[in-house]
file protein-v1.cif (mmCIF, C-alpha atoms and all ligand atoms)
data_work
#
loop_
_atom_site.label_atom_id
_atom_site.label_comp_id
_atom_site.auth_asym_id
_atom_site.auth_seq_id
_atom_site.Cartn_x
_atom_site.Cartn_y
_atom_site.Cartn_z
CA MET A 437 -78.85 -26.68 -31.62
CA LEU A 438 -79.92 -23.18 -32.73
CA LYS A 439 -83.08 -24.79 -34.10
CA ALA A 440 -85.08 -22.22 -36.05
CA HIS A 441 -82.77 -19.39 -35.06
CA ALA A 442 -82.00 -16.49 -37.30
CA LEU A 443 -79.18 -14.27 -36.08
CA ILE A 444 -78.77 -10.94 -37.82
CA PHE A 445 -75.58 -8.88 -37.54
CA PHE A 446 -76.50 -5.26 -37.88
CA GLY A 447 -74.45 -2.05 -38.00
CA PRO A 448 -72.89 0.50 -40.32
CA PRO A 449 -70.24 -0.38 -42.92
CA GLY A 450 -67.05 -1.14 -40.99
CA ALA A 451 -68.80 -2.00 -37.70
CA GLY A 452 -67.20 -5.45 -37.80
CA LYS A 453 -70.23 -7.49 -38.93
CA GLY A 454 -68.17 -9.72 -41.25
CA THR A 455 -65.37 -10.19 -38.71
CA GLN A 456 -67.77 -11.14 -35.91
CA ALA A 457 -70.12 -13.23 -38.07
CA HIS A 458 -67.16 -15.29 -39.29
CA ALA A 459 -65.96 -15.91 -35.70
CA LEU A 460 -69.44 -16.91 -34.47
CA SER A 461 -70.01 -19.16 -37.47
CA VAL A 462 -66.81 -21.08 -36.65
CA ALA A 463 -67.63 -21.23 -32.92
CA PHE A 464 -71.28 -22.37 -33.32
CA GLY A 465 -71.04 -24.34 -36.58
CA ILE A 466 -73.81 -22.47 -38.40
CA PRO A 467 -73.46 -20.77 -41.81
CA HIS A 468 -72.40 -17.15 -42.20
CA ILE A 469 -74.48 -15.63 -44.97
CA SER A 470 -73.21 -12.33 -46.33
CA THR A 471 -75.28 -10.78 -49.12
CA GLY A 472 -72.31 -8.50 -49.90
CA GLU A 473 -70.07 -11.56 -50.36
CA MET A 474 -72.64 -13.34 -52.54
CA LEU A 475 -72.97 -10.25 -54.72
CA ARG A 476 -69.19 -9.81 -54.98
CA GLU A 477 -68.88 -13.44 -56.09
CA ALA A 478 -71.55 -12.84 -58.76
CA VAL A 479 -69.61 -9.76 -59.94
CA ARG A 480 -66.35 -11.79 -60.08
CA LEU A 481 -68.06 -14.53 -62.11
CA GLU A 482 -69.80 -11.94 -64.35
CA THR A 483 -73.19 -13.65 -63.95
CA PRO A 484 -76.30 -11.68 -65.06
CA LEU A 485 -76.95 -10.89 -61.38
CA GLY A 486 -73.37 -9.68 -60.94
CA LEU A 487 -73.54 -7.50 -64.05
CA ALA A 488 -76.81 -5.96 -62.81
CA ALA A 489 -75.34 -5.21 -59.35
CA LYS A 490 -71.75 -4.18 -60.22
CA ASP A 491 -72.10 -0.42 -60.82
CA ARG A 492 -74.27 0.20 -57.78
CA MET A 493 -71.96 -1.80 -55.50
CA GLU A 494 -68.79 -0.11 -56.72
CA SER A 495 -70.28 3.35 -56.20
CA GLY A 496 -71.47 2.35 -52.71
CA GLU A 497 -75.21 2.37 -53.41
CA LEU A 498 -77.62 -0.35 -52.33
CA VAL A 499 -78.66 -3.02 -54.81
CA SER A 500 -82.45 -3.31 -55.35
CA ASP A 501 -84.59 -5.06 -52.73
CA GLU A 502 -85.86 -7.42 -55.40
CA ILE A 503 -82.39 -8.73 -56.33
CA VAL A 504 -81.11 -9.01 -52.76
CA SER A 505 -84.25 -10.57 -51.29
CA GLY A 506 -84.20 -13.14 -54.10
CA ILE A 507 -80.65 -14.27 -53.38
CA ALA A 508 -81.25 -14.31 -49.63
CA ALA A 509 -84.40 -16.46 -49.98
CA GLU A 510 -82.59 -18.90 -52.27
CA ARG A 511 -79.69 -19.21 -49.81
CA LEU A 512 -81.90 -19.64 -46.71
CA ALA A 513 -83.76 -22.51 -48.35
CA ARG A 514 -80.60 -24.67 -48.40
CA PRO A 515 -80.38 -27.57 -45.92
CA ASP A 516 -77.36 -26.18 -44.03
CA CYS A 517 -79.60 -23.36 -42.71
CA GLU A 518 -82.02 -25.73 -41.03
CA ASP A 519 -80.49 -25.42 -37.55
CA GLY A 520 -79.85 -21.70 -37.73
CA PHE A 521 -77.78 -19.16 -39.64
CA ILE A 522 -76.10 -15.79 -39.33
CA LEU A 523 -77.14 -13.01 -41.69
CA ASP A 524 -74.54 -10.29 -42.35
CA GLY A 525 -75.68 -7.26 -44.37
CA PHE A 526 -79.31 -8.35 -44.78
CA PRO A 527 -81.86 -6.90 -44.24
CA ARG A 528 -80.90 -3.27 -44.82
CA THR A 529 -84.16 -1.63 -45.82
CA ILE A 530 -87.64 -1.78 -44.31
CA GLY A 531 -88.79 -3.62 -47.46
CA GLN A 532 -86.13 -6.30 -46.94
CA ALA A 533 -87.00 -6.63 -43.24
CA ASP A 534 -90.70 -7.14 -44.08
CA PHE A 535 -89.70 -9.72 -46.69
CA LEU A 536 -87.51 -11.58 -44.17
CA GLU A 537 -90.25 -11.52 -41.53
CA ARG A 538 -92.65 -13.20 -43.98
CA LEU A 539 -90.01 -15.70 -45.07
CA LEU A 540 -89.14 -16.75 -41.50
CA ARG A 541 -92.82 -17.18 -40.72
CA GLU A 542 -93.32 -19.34 -43.84
CA GLN A 543 -90.33 -21.46 -42.81
CA GLY A 544 -91.82 -21.95 -39.33
CA ARG A 545 -88.91 -20.25 -37.59
CA GLY A 546 -89.00 -18.09 -34.48
CA ASP A 547 -88.25 -14.38 -34.34
CA PRO A 548 -84.76 -13.30 -35.36
CA LEU A 549 -82.21 -12.00 -32.84
CA VAL A 550 -80.65 -8.81 -34.18
CA ILE A 551 -77.18 -8.05 -32.84
CA TYR A 552 -76.40 -4.38 -33.35
CA ILE A 553 -72.65 -3.70 -33.29
CA ARG A 554 -72.41 -0.09 -32.17
CA VAL A 555 -69.31 1.84 -33.31
CA ALA A 556 -68.62 5.60 -33.26
CA SER A 557 -68.87 6.96 -36.81
CA CYS A 558 -65.44 8.66 -36.60
CA VAL A 559 -63.59 5.29 -36.70
CA LEU A 560 -65.47 3.82 -39.68
CA MET A 561 -63.53 5.56 -42.47
CA LYS A 562 -60.18 4.31 -41.10
CA ARG A 563 -61.52 0.79 -40.63
CA LEU A 564 -62.83 0.63 -44.21
CA SER A 565 -59.93 2.33 -45.98
CA GLY A 566 -57.48 0.13 -44.05
CA ARG A 567 -59.27 -3.16 -44.77
CA ARG A 568 -57.41 -5.88 -46.65
CA THR A 569 -58.87 -9.31 -47.48
CA CYS A 570 -57.27 -12.63 -48.40
CA PRO A 571 -58.75 -13.77 -51.74
CA ILE A 572 -58.03 -17.43 -50.85
CA CYS A 573 -59.24 -17.96 -47.26
CA GLY A 574 -61.31 -14.77 -46.75
CA THR A 575 -59.44 -13.63 -43.62
CA ILE A 576 -60.03 -9.91 -43.02
CA TYR A 577 -57.11 -7.69 -41.91
CA ASN A 578 -56.71 -4.01 -41.26
CA ILE A 579 -53.45 -2.18 -41.90
CA TYR A 580 -54.09 0.10 -38.87
CA PHE A 581 -55.80 -2.20 -36.35
CA GLU A 582 -55.27 -5.86 -37.35
CA PRO A 583 -52.21 -5.91 -39.67
CA PRO A 584 -50.83 -9.13 -41.16
CA ARG A 585 -47.33 -10.16 -40.00
CA VAL A 586 -45.88 -9.27 -43.44
CA ASP A 587 -47.28 -6.20 -45.24
CA GLU A 588 -50.06 -7.05 -47.73
CA VAL A 589 -49.57 -10.83 -47.35
CA CYS A 590 -51.99 -13.29 -45.69
CA ASP A 591 -50.59 -14.90 -42.50
CA ILE A 592 -52.43 -18.14 -43.25
CA ASP A 593 -51.71 -18.96 -46.89
CA GLY A 594 -49.21 -16.34 -48.11
CA ALA A 595 -51.61 -14.90 -50.74
CA ALA A 596 -51.35 -11.23 -51.74
CA LEU A 597 -54.11 -9.32 -49.93
CA THR A 598 -56.71 -7.39 -51.92
CA VAL A 599 -58.61 -4.11 -51.44
CA ARG A 600 -62.38 -4.17 -52.00
CA ALA A 601 -63.61 -2.19 -55.02
CA ASP A 602 -65.94 -0.16 -52.76
CA ASP A 603 -63.29 0.75 -50.15
CA GLY A 604 -62.18 3.97 -51.90
CA GLU A 605 -63.06 7.24 -50.13
CA ALA A 606 -65.97 8.31 -52.40
CA ALA A 607 -67.67 4.90 -52.26
CA ILE A 608 -67.20 4.70 -48.48
CA ARG A 609 -68.94 8.09 -48.09
CA GLN A 610 -71.83 6.90 -50.25
CA ARG A 611 -72.11 3.65 -48.23
CA LEU A 612 -72.22 5.58 -44.96
CA ASP A 613 -74.92 7.88 -46.43
CA SER A 614 -76.95 4.89 -47.63
CA TYR A 615 -76.70 3.39 -44.16
CA GLU A 616 -77.98 6.58 -42.51
CA MET A 617 -80.89 6.99 -44.92
CA MET A 618 -82.02 3.44 -45.69
CA THR A 619 -80.65 1.12 -43.00
CA ARG A 620 -80.48 2.96 -39.68
CA PRO A 621 -84.34 3.13 -39.52
CA LEU A 622 -84.28 -0.64 -38.99
CA LEU A 623 -82.96 -0.05 -35.47
CA ASP A 624 -86.41 1.23 -34.48
CA TYR A 625 -88.11 -1.49 -36.53
CA TYR A 626 -86.39 -4.20 -34.46
CA LYS A 627 -86.49 -2.28 -31.15
CA VAL A 628 -90.29 -2.05 -31.34
CA ARG A 629 -90.42 -5.82 -31.91
CA GLN A 630 -88.02 -6.36 -28.95
CA GLN A 631 -85.67 -8.32 -31.16
CA LEU A 632 -82.62 -6.04 -30.89
CA VAL A 633 -79.61 -6.35 -28.60
CA GLU A 634 -76.62 -3.98 -28.62
CA VAL A 635 -72.94 -4.76 -28.34
CA GLU A 636 -70.19 -2.16 -27.96
CA GLY A 637 -68.02 -2.68 -31.07
CA ASP A 638 -65.30 -0.14 -30.36
CA ARG A 639 -63.05 -2.64 -28.58
CA ALA A 640 -60.63 -5.38 -29.60
CA PRO A 641 -62.34 -7.93 -31.91
CA ALA A 642 -61.79 -10.77 -29.39
CA GLU A 643 -63.58 -8.83 -26.65
CA VAL A 644 -66.53 -8.08 -28.93
CA ALA A 645 -66.63 -11.75 -29.98
CA SER A 646 -66.66 -12.92 -26.38
CA ASP A 647 -69.68 -10.69 -25.53
CA ILE A 648 -71.56 -11.86 -28.61
CA SER A 649 -70.85 -15.49 -27.91
CA GLU A 650 -72.11 -15.13 -24.32
CA LEU A 651 -75.22 -13.35 -25.51
CA VAL A 652 -76.04 -16.01 -28.11
CA SER A 653 -75.39 -18.83 -25.61
CA ARG A 654 -77.79 -17.15 -23.15
CA GLU A 655 -80.40 -16.84 -25.87
CA MET A 656 -79.99 -20.52 -26.81
CA ALA A 657 -80.38 -21.57 -23.18
CA SER A 658 -83.54 -19.47 -22.75
CA THR A 659 -85.22 -20.98 -25.84
CA ALA A 660 -83.99 -24.59 -25.39
P1 LIG A 701 -71.35 -5.53 -47.50
O1 LIG A 701 -70.33 -6.47 -47.98
O2 LIG A 701 -72.45 -6.04 -46.64
O3 LIG A 701 -70.60 -4.32 -46.85
P2 LIG A 701 -70.95 -3.30 -45.65
O4 LIG A 701 -72.26 -3.44 -44.99
O5 LIG A 701 -70.62 -1.97 -46.22
O6 LIG A 701 -70.08 -3.75 -44.51
P3 LIG A 701 -68.57 -4.06 -44.56
O7 LIG A 701 -68.35 -5.44 -45.08
O8 LIG A 701 -67.82 -2.97 -45.26
O9 LIG A 701 -68.21 -3.91 -43.02
P4 LIG A 701 -68.34 -4.94 -41.83
O10 LIG A 701 -69.26 -4.36 -40.81
O11 LIG A 701 -68.63 -6.33 -42.30
O12 LIG A 701 -66.88 -4.84 -41.24
P5 LIG A 701 -65.64 -5.86 -41.33
O13 LIG A 701 -65.80 -6.97 -40.36
O14 LIG A 701 -65.33 -6.21 -42.74
O15 LIG A 701 -72.09 -4.82 -48.75
C1 LIG A 701 -71.34 -4.30 -49.83
C2 LIG A 701 -72.28 -3.76 -50.89
O16 LIG A 701 -73.11 -4.83 -51.40
C3 LIG A 701 -73.27 -2.70 -50.40
O17 LIG A 701 -72.73 -1.40 -50.40
C4 LIG A 701 -74.41 -2.86 -51.44
O18 LIG A 701 -74.07 -2.26 -52.67
C5 LIG A 701 -74.45 -4.37 -51.66
N1 LIG A 701 -75.36 -5.04 -50.70
C6 LIG A 701 -75.04 -6.02 -49.81
N2 LIG A 701 -76.10 -6.39 -49.09
C7 LIG A 701 -77.13 -5.63 -49.52
C8 LIG A 701 -78.50 -5.52 -49.15
N3 LIG A 701 -79.02 -6.29 -48.17
N4 LIG A 701 -79.29 -4.64 -49.81
C9 LIG A 701 -78.80 -3.86 -50.80
N5 LIG A 701 -77.51 -3.90 -51.21
C10 LIG A 701 -76.68 -4.78 -50.56
O19 LIG A 701 -64.50 -4.90 -40.74
C11 LIG A 701 -64.08 -3.72 -41.43
C12 LIG A 701 -62.60 -3.45 -41.10
O20 LIG A 701 -62.49 -3.13 -39.70
C13 LIG A 701 -61.67 -4.66 -41.34
O21 LIG A 701 -60.43 -4.20 -41.82
C14 LIG A 701 -61.51 -5.28 -39.93
O22 LIG A 701 -60.26 -5.92 -39.79
C15 LIG A 701 -61.61 -4.04 -39.04
N6 LIG A 701 -62.21 -4.36 -37.74
C16 LIG A 701 -63.29 -5.16 -37.50
N7 LIG A 701 -63.56 -5.19 -36.17
C17 LIG A 701 -62.65 -4.38 -35.58
C18 LIG A 701 -62.43 -3.99 -34.21
N8 LIG A 701 -63.22 -4.46 -33.19
N9 LIG A 701 -61.41 -3.14 -33.96
C19 LIG A 701 -60.62 -2.67 -34.97
N10 LIG A 701 -60.78 -3.01 -36.27
C20 LIG A 701 -61.78 -3.85 -36.56
#
call {"tool": "encode", "arguments": {"input": "protein-v1.cif", "output": "structure tokens"}}
result
Amino acid sequence: MLKAHALIFFGPPGAGKGTQAHALSVAFGIPHISTGEMLREAVRLETPLGLAAKDRMESGELVSDEIVSGIAAERLARPDCEDGFILDGFPRTIGQADFLERLLREQGRGDPLVIYIRVASCVLMKRLSGRRTCPICGTIYNIYFEPPRVDEVCDIDGAALTVRADDGEAAIRQRLDSYEMMTRPLLDYYKVRQQLVEVEGDRAPAEVASDISELVSREMASTA
């Protein structure tokens, strides 16, 4: 249905890219591809890739373009991406965006639609420091904004919730700095190409999801 479509969720750390990409993936039946999640899995499994990326991730710095573009290309070549996919956290440098542009062209896909989730920077620290994740089902909570029914326990499967290794204050500051320096310039990159749409992310997650879903449905109808 989303034949050839690449959706990119874009925004600073804590904007809600993972939360919204998960919801859209369930609603539209296309894969949610998070380079952060793939890298965290490699770190957990202590693969050579994970060992190479671990220190940079935990201190909040970006992993090299070469490593990240390699894992993204490998993932996008899988059959479940044929009818479309949602990228979360990739691209985040001009080099990665150029790489993706070439890759999409080689795969015969159309231009990507970049959904920028705009959130005031003052709320990001609280969103990130309050994040908790279920290690079993991946549900994302927030102790301030989206708490589980029982403290630190997943509503769905009862697992003890975990804190991400890069959600300490120092790493969050570094991630926000990396975003400003390396990733924010992509806003202009995609604006110039007329591939960027903006969504106000400083509202309840369900309201943000409803706007995104409407926007994507409109886009699908216009390219059907
Ligand atoms: P990655 O995993 O991509 O992390 P990130 O970009 O820092 O983004 P986050 O996952 O922290 O935030 P999010 O926007 O997904 O927000 P979420 O929905 O979770 O990358 C991690 C690291 O991997 C990087 O630092 C880097 O080292 C490496 N890496 C990954 N990709 C790379 C690349 N392409 N190049 C180089 N290195 C790369 O929500 C956050 C919190 O807010 C949650 O608690 C949630 O419940 C809450 N929340 C969400 N929406 C709302 C809302 N509307 N209202 C209130 N609370 C909300």
call {"tool": "residues_near_ligand", "arguments": {"input": "protein-v1.cif", "ligand": "ligand LIG 701 (chain A)", "cutoff": "6 Å", "atoms": "all atoms listed in the file", "output": "ChimeraX atom specification"}}
result
/A:449-455,471-473,492-493,496-500,504,525-528,563-564,566-568,576-578,581-582,611,637-641
call {"tool": "residues_around", "arguments": {"input": "protein-v1.cif", "residues": "segment 538-554 of chain A", "least_positions_apart": "5", "cutoff": "6 Å", "atoms": "all atoms listed in the file", "output": "VMD selection string"}}
result
chain A and resid 440 442 to 447 631 to 637
call {"tool": "atom_distance", "arguments": {"input": "protein-v1.cif", "atom1": "atom CA of Arg620 of chain A", "atom2": "atom CA of Ile530 of chain A"}}
result
9.8 Å
call {"tool": "residues_around", "arguments": {"input": "protein-v1.cif", "residues": "Met618 of chain A", "least_positions_apart": "3", "cutoff": "10 Å", "atoms": "all atoms listed in the file", "output": "MDAnalysis selection string"}}
result
chainID A and resid 498 528:531 613:615 621:622
call {"tool": "closest_residue", "arguments": {"input": "protein-v1.cif", "among": "A:Leu485, A:Leu512, A:Leu560, A:Val555", "to": "Leu612 of chain A", "atoms": "all atoms listed in the file"}}
result
A:Leu560
call {"tool": "closest_residue", "arguments": {"input": "protein-v1.cif", "among": "A:Leu651, A:Val462, A:Cys558, A:Leu487", "to": "Pro448 of chain A", "atoms": "all atoms listed in the file"}}
result
A:Cys558
call {"tool": "residues_around", "arguments": {"input": "protein-v1.cif", "residues": "segment 569-573 of chain A", "least_positions_apart": "4", "cutoff": "12 Å", "atoms": "all atoms listed in the file", "output": "MDAnalysis selection string"}}
result
chainID A and resid 454:455 458 473 476:477 480 564:565 577:579 582:584 588:601 603
call {"tool": "closest_residue", "arguments": {"input": "protein-v1.cif", "among": "A:Pro484, A:Met474, A:Lys562, A:Phe464", "to": "Phe521 of chain A", "atoms": "all atoms listed in the file"}}
result
A:Phe464
call {"tool": "atom_distance", "arguments": {"input": "protein-v1.cif", "atom1": "atom CA of Gln456 of chain A", "atom2": "atom CA of Ile648 of chain A"}}
result
8.3 Å
